[in-house]
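So this block is query-v3.txt, compact mmCIF, N, CA and C atoms:
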# COMPACT_ATOMS: atom_id res chain seq x y z
N MET S 1 -9.39 25.86 10.19
CA MET S 1 -8.31 25.83 9.21
C MET S 1 -8.93 25.92 7.81
N ILE S 2 -8.24 26.60 6.94
CA ILE S 2 -8.69 26.80 5.56
C ILE S 2 -8.70 25.46 4.81
N ASP S 3 -9.67 25.28 3.92
CA ASP S 3 -9.74 24.07 3.10
C ASP S 3 -8.78 24.23 1.92
N TYR S 4 -7.58 23.69 2.07
CA TYR S 4 -6.55 23.89 1.06
C TYR S 4 -6.90 23.28 -0.29
N ALA S 5 -7.82 22.32 -0.32
CA ALA S 5 -8.19 21.69 -1.58
C ALA S 5 -8.81 22.69 -2.57
N ASN S 6 -9.30 23.81 -2.06
CA ASN S 6 -9.86 24.84 -2.94
C ASN S 6 -8.77 25.68 -3.60
N TYR S 7 -7.54 25.56 -3.13
CA TYR S 7 -6.45 26.41 -3.62
C TYR S 7 -5.27 25.65 -4.21
N ILE S 8 -5.17 24.37 -3.89
CA ILE S 8 -4.00 23.58 -4.28
C ILE S 8 -4.44 22.37 -5.09
N SER S 9 -3.71 22.12 -6.17
CA SER S 9 -4.01 20.94 -6.98
C SER S 9 -2.72 20.22 -7.35
N ILE S 10 -2.89 18.97 -7.73
CA ILE S 10 -1.77 18.15 -8.17
C ILE S 10 -2.11 17.61 -9.55
N ASP S 11 -1.27 17.94 -10.51
CA ASP S 11 -1.44 17.51 -11.90
C ASP S 11 -0.09 16.99 -12.37
N PRO S 12 -0.03 15.73 -12.82
CA PRO S 12 1.26 15.19 -13.24
C PRO S 12 1.91 15.96 -14.39
N ASN S 13 1.14 16.77 -15.09
CA ASN S 13 1.67 17.55 -16.21
C ASN S 13 2.18 18.93 -15.80
N ILE S 14 2.01 19.29 -14.54
CA ILE S 14 2.46 20.59 -14.06
C ILE S 14 3.47 20.37 -12.94
N ARG S 15 4.68 20.88 -13.14
CA ARG S 15 5.76 20.80 -12.15
C ARG S 15 5.97 19.38 -11.62
N PHE S 16 5.90 18.42 -12.54
CA PHE S 16 6.16 17.01 -12.22
C PHE S 16 5.25 16.45 -11.14
N GLY S 17 4.03 16.97 -11.06
CA GLY S 17 3.05 16.45 -10.11
C GLY S 17 3.18 16.99 -8.70
N LYS S 18 3.99 18.00 -8.51
CA LYS S 18 4.09 18.61 -7.19
C LYS S 18 2.84 19.43 -6.92
N PRO S 19 2.43 19.57 -5.67
CA PRO S 19 1.26 20.40 -5.38
C PRO S 19 1.54 21.87 -5.71
N VAL S 20 0.64 22.46 -6.49
CA VAL S 20 0.78 23.85 -6.92
C VAL S 20 -0.46 24.66 -6.55
N ILE S 21 -0.29 25.97 -6.49
CA ILE S 21 -1.42 26.87 -6.30
C ILE S 21 -2.21 26.86 -7.60
N ASN S 22 -3.51 26.66 -7.50
CA ASN S 22 -4.36 26.60 -8.69
C ASN S 22 -4.13 27.80 -9.61
N GLY S 23 -4.03 27.51 -10.89
CA GLY S 23 -3.88 28.56 -11.89
C GLY S 23 -2.46 29.10 -12.02
N THR S 24 -1.52 28.51 -11.29
CA THR S 24 -0.13 28.96 -11.35
C THR S 24 0.78 27.75 -11.48
N ARG S 25 2.06 28.02 -11.60
CA ARG S 25 3.08 26.97 -11.54
C ARG S 25 3.89 27.10 -10.25
N ILE S 26 3.35 27.84 -9.30
CA ILE S 26 4.01 28.06 -8.01
C ILE S 26 3.65 26.90 -7.09
N THR S 27 4.69 26.20 -6.60
CA THR S 27 4.45 25.04 -5.75
C THR S 27 4.28 25.45 -4.29
N VAL S 28 3.66 24.55 -3.55
CA VAL S 28 3.55 24.73 -2.10
C VAL S 28 4.96 24.86 -1.52
N PHE S 29 5.89 24.03 -2.00
CA PHE S 29 7.27 24.11 -1.54
C PHE S 29 7.85 25.50 -1.76
N ASP S 30 7.58 26.10 -2.91
CA ASP S 30 8.09 27.45 -3.19
C ASP S 30 7.65 28.41 -2.09
N VAL S 31 6.36 28.42 -1.81
CA VAL S 31 5.81 29.35 -0.82
C VAL S 31 6.40 29.08 0.56
N LEU S 32 6.43 27.81 0.95
CA LEU S 32 6.99 27.47 2.27
C LEU S 32 8.46 27.83 2.36
N SER S 33 9.18 27.62 1.29
CA SER S 33 10.60 27.95 1.27
C SER S 33 10.83 29.45 1.40
N TRP S 34 10.03 30.24 0.71
CA TRP S 34 10.16 31.69 0.81
C TRP S 34 9.93 32.14 2.25
N MET S 35 8.89 31.56 2.88
CA MET S 35 8.59 31.93 4.25
C MET S 35 9.70 31.46 5.20
N ALA S 36 10.23 30.27 4.98
CA ALA S 36 11.31 29.75 5.82
C ALA S 36 12.56 30.61 5.70
N ASN S 37 12.71 31.27 4.57
CA ASN S 37 13.88 32.13 4.35
C ASN S 37 13.62 33.58 4.75
N GLY S 38 12.50 33.82 5.43
CA GLY S 38 12.26 35.13 6.00
C GLY S 38 11.30 36.04 5.26
N MET S 39 10.79 35.62 4.11
CA MET S 39 9.82 36.48 3.42
C MET S 39 8.50 36.46 4.19
N THR S 40 7.89 37.61 4.28
CA THR S 40 6.58 37.71 4.91
C THR S 40 5.50 37.52 3.85
N PRO S 41 4.29 37.16 4.25
CA PRO S 41 3.22 37.06 3.26
C PRO S 41 3.04 38.34 2.42
N PRO S 42 3.08 39.54 3.02
CA PRO S 42 2.96 40.73 2.17
C PRO S 42 4.08 40.84 1.12
N GLN S 43 5.29 40.44 1.48
CA GLN S 43 6.40 40.46 0.51
C GLN S 43 6.15 39.45 -0.61
N ILE S 44 5.66 38.28 -0.26
CA ILE S 44 5.36 37.27 -1.27
C ILE S 44 4.28 37.78 -2.21
N LEU S 45 3.24 38.38 -1.64
CA LEU S 45 2.14 38.91 -2.46
C LEU S 45 2.62 40.05 -3.37
N GLU S 46 3.57 40.82 -2.90
CA GLU S 46 4.11 41.90 -3.72
C GLU S 46 4.87 41.32 -4.92
N ASP S 47 5.66 40.28 -4.67
CA ASP S 47 6.44 39.66 -5.74
C ASP S 47 5.61 38.77 -6.65
N PHE S 48 4.54 38.20 -6.12
CA PHE S 48 3.71 37.26 -6.88
C PHE S 48 2.24 37.64 -6.72
N PRO S 49 1.79 38.67 -7.43
CA PRO S 49 0.42 39.16 -7.27
C PRO S 49 -0.65 38.15 -7.68
N GLU S 50 -0.26 37.08 -8.37
CA GLU S 50 -1.23 36.05 -8.74
C GLU S 50 -1.64 35.21 -7.52
N LEU S 51 -0.91 35.35 -6.42
CA LEU S 51 -1.26 34.66 -5.19
C LEU S 51 -2.18 35.54 -4.35
N SER S 52 -2.78 34.93 -3.35
CA SER S 52 -3.61 35.67 -2.39
C SER S 52 -3.21 35.23 -0.99
N MET S 53 -3.66 35.98 0.00
CA MET S 53 -3.39 35.58 1.38
C MET S 53 -4.01 34.21 1.65
N ASP S 54 -5.17 33.95 1.09
CA ASP S 54 -5.80 32.64 1.27
C ASP S 54 -4.96 31.53 0.66
N SER S 55 -4.34 31.76 -0.49
CA SER S 55 -3.52 30.72 -1.11
C SER S 55 -2.26 30.46 -0.27
N ILE S 56 -1.72 31.50 0.34
CA ILE S 56 -0.56 31.32 1.23
C ILE S 56 -0.98 30.52 2.46
N GLN S 57 -2.13 30.86 3.03
CA GLN S 57 -2.63 30.11 4.19
C GLN S 57 -2.94 28.67 3.81
N ALA S 58 -3.39 28.46 2.58
CA ALA S 58 -3.65 27.09 2.11
C ALA S 58 -2.37 26.27 2.07
N CYS S 59 -1.26 26.89 1.71
CA CYS S 59 0.03 26.19 1.71
C CYS S 59 0.40 25.76 3.13
N LEU S 60 0.17 26.64 4.08
CA LEU S 60 0.46 26.30 5.48
C LEU S 60 -0.46 25.19 5.96
N ALA S 61 -1.73 25.25 5.60
CA ALA S 61 -2.67 24.20 5.99
C ALA S 61 -2.30 22.87 5.36
N TYR S 62 -1.88 22.91 4.09
CA TYR S 62 -1.45 21.69 3.40
C TYR S 62 -0.26 21.06 4.12
N ALA S 63 0.72 21.89 4.47
CA ALA S 63 1.91 21.39 5.16
C ALA S 63 1.55 20.84 6.54
N ALA S 64 0.67 21.51 7.25
CA ALA S 64 0.25 21.02 8.57
C ALA S 64 -0.48 19.69 8.44
N ASP S 65 -1.31 19.55 7.44
CA ASP S 65 -2.03 18.30 7.23
C ASP S 65 -1.07 17.17 6.89
N ARG S 66 -0.11 17.45 6.03
CA ARG S 66 0.90 16.43 5.68
C ARG S 66 1.70 16.02 6.91
N GLU S 67 2.08 16.97 7.73
CA GLU S 67 2.83 16.68 8.95
C GLU S 67 2.01 15.81 9.89
N HIS S 68 0.73 16.12 9.99
CA HIS S 68 -0.16 15.38 10.88
C HIS S 68 -0.30 13.92 10.42
N LYS S 69 -0.25 13.70 9.12
CA LYS S 69 -0.47 12.36 8.57
C LYS S 69 0.80 11.50 8.52
N LEU S 70 1.96 12.08 8.84
CA LEU S 70 3.20 11.30 8.83
C LEU S 70 3.14 10.21 9.89
N ARG S 71 3.62 9.03 9.50
CA ARG S 71 3.68 7.93 10.46
C ARG S 71 5.07 7.89 11.10
N VAL S 72 5.08 7.59 12.35
CA VAL S 72 6.36 7.44 13.05
C VAL S 72 6.68 5.96 13.09
N ALA S 73 7.91 5.63 12.67
CA ALA S 73 8.30 4.21 12.63
C ALA S 73 8.75 3.73 13.99

Show this structure as structure tokens.
Amino acid sequence: MIDYANYISIDPNIRFGKPVINGTRITVFDVLSWMANGMTPPQILEDFPELSMDSIQACLAYAADREHKLRVA
């Protein structure tokens, strides 16, 4: 799995501290939402050339890691 820490950062001064793709204001949620709504990675890259396939994969890895760390009550 890709090391998402190389692509994603959290800064309280950018997008209210939501995880964003480094060097952008695009959040992990934005990318995941686009994919959930049917956009393919090539379509996302066409609309947002500041992203890369690795940054999209980093969003997926970040989400998978967060899911893995959730505690069940």

Shell around Arg25 in chain S at 8 Å using only C-alpha atoms, local window under 3 positions removed, as an NGL selection string = :S and (14-15 or 20-22)

Mind the document's chain letters and residue numbers, and return as a list of chain:residue names the residues of range 16-64 of chain S that DSSP labels alpha helix (DSSP H).
-> S:Val28, S:Phe29, S:Asp30, S:Val31, S:Leu32, S:Ser33, S:Trp34, S:Met35, S:Ala36, S:Pro41, S:Pro42, S:Gln43, S:Ile44, S:Leu45, S:Glu46, S:Asp47, S:Met53, S:Asp54, S:Ser55, S:Ile56, S:Gln57, S:Ala58, S:Cys59, S:Leu60, S:Ala61, S:Tyr62, S:Ala63, S:Ala64

Hey, can you check how far atom N of Pro19 in chain S sits from atom C of Leu45 in chain S?
-> 20.6 Å

To test the calculation: enclose all listed atoms of range 11-29 of chain S in a box whose edges run along x, y and z, add 3 Å on each side, then state centre and edge lengths in Å to one decimal, as AutoDock Vina command-line options.
--center_x 1.7 --center_y 22.1 --center_z -8.9 --size_x 18.2 --size_y 19.9 --size_z 20.7

Looking at only C-alpha atoms, which of S:Cys59, S:Asn13, S:Phe48, S:Tyr7 is the one that sits closest to Val28 in chain S?
->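 For Val28 in chain S, the nearest of the candidates is S:Cys59.
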
CA of Met35 in chain S and CA of Gln57 in chain S are how many Å apart?
->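 Distance between the two atoms: 11.4 Å.
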
Could you pull out all residues of chain S with a DSSP call of strand (DSSP E or B) and give them as a PyMOL selection string?
-> chain S and resi 8-9+20-21+27

Writer output for current selection, N, CA and C atoms, as a PDB file, keeping the file's coordinate frame:
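Listing of out24.pdb after writing:
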ATOM      1  N   ILE S   8      -5.170  24.370  -3.890  1.00  0.00           N
ATOM      2  CA  ILE S   8      -4.000  23.580  -4.280  1.00  0.00           C
ATOM      3  C   ILE S   8      -4.440  22.370  -5.090  1.00  0.00           C
ATOM      4  N   SER S   9      -3.710  22.120  -6.170  1.00  0.00           N
ATOM      5  CA  SER S   9      -4.010  20.940  -6.980  1.00  0.00           C
ATOM      6  C   SER S   9      -2.720  20.220  -7.350  1.00  0.00           C
ATOM      7  N   VAL S  20       0.640  22.460  -6.490  1.00  0.00           N
ATOM      8  CA  VAL S  20       0.780  23.850  -6.920  1.00  0.00           C
ATOM      9  C   VAL S  20      -0.460  24.660  -6.550  1.00  0.00           C
ATOM     10  N   ILE S  21      -0.290  25.970  -6.490  1.00  0.00           N
ATOM     11  CA  ILE S  21      -1.420  26.870  -6.300  1.00  0.00           C
ATOM     12  C   ILE S  21      -2.210  26.860  -7.600  1.00  0.00           C
ATOM     13  N   THR S  27       4.690  26.200  -6.600  1.00  0.00           N
ATOM     14  CA  THR S  27       4.450  25.040  -5.750  1.00  0.00           C
ATOM     15  C   THR S  27       4.280  25.450  -4.290  1.00  0.00           C
TER      16      THR S  27
END

Suppose you want the space between atom C of His68 in chain S and CA of Glu50 in chain S; what is it in Å?
->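 It comes out at 29.3 Å.
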
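Among the candidates S:Met1, S:Arg66, S:Ile56, S:Pro49, the residue lying nearest to Val31 in chain S is S:Ile56 (atoms considered: all atoms listed in the file).
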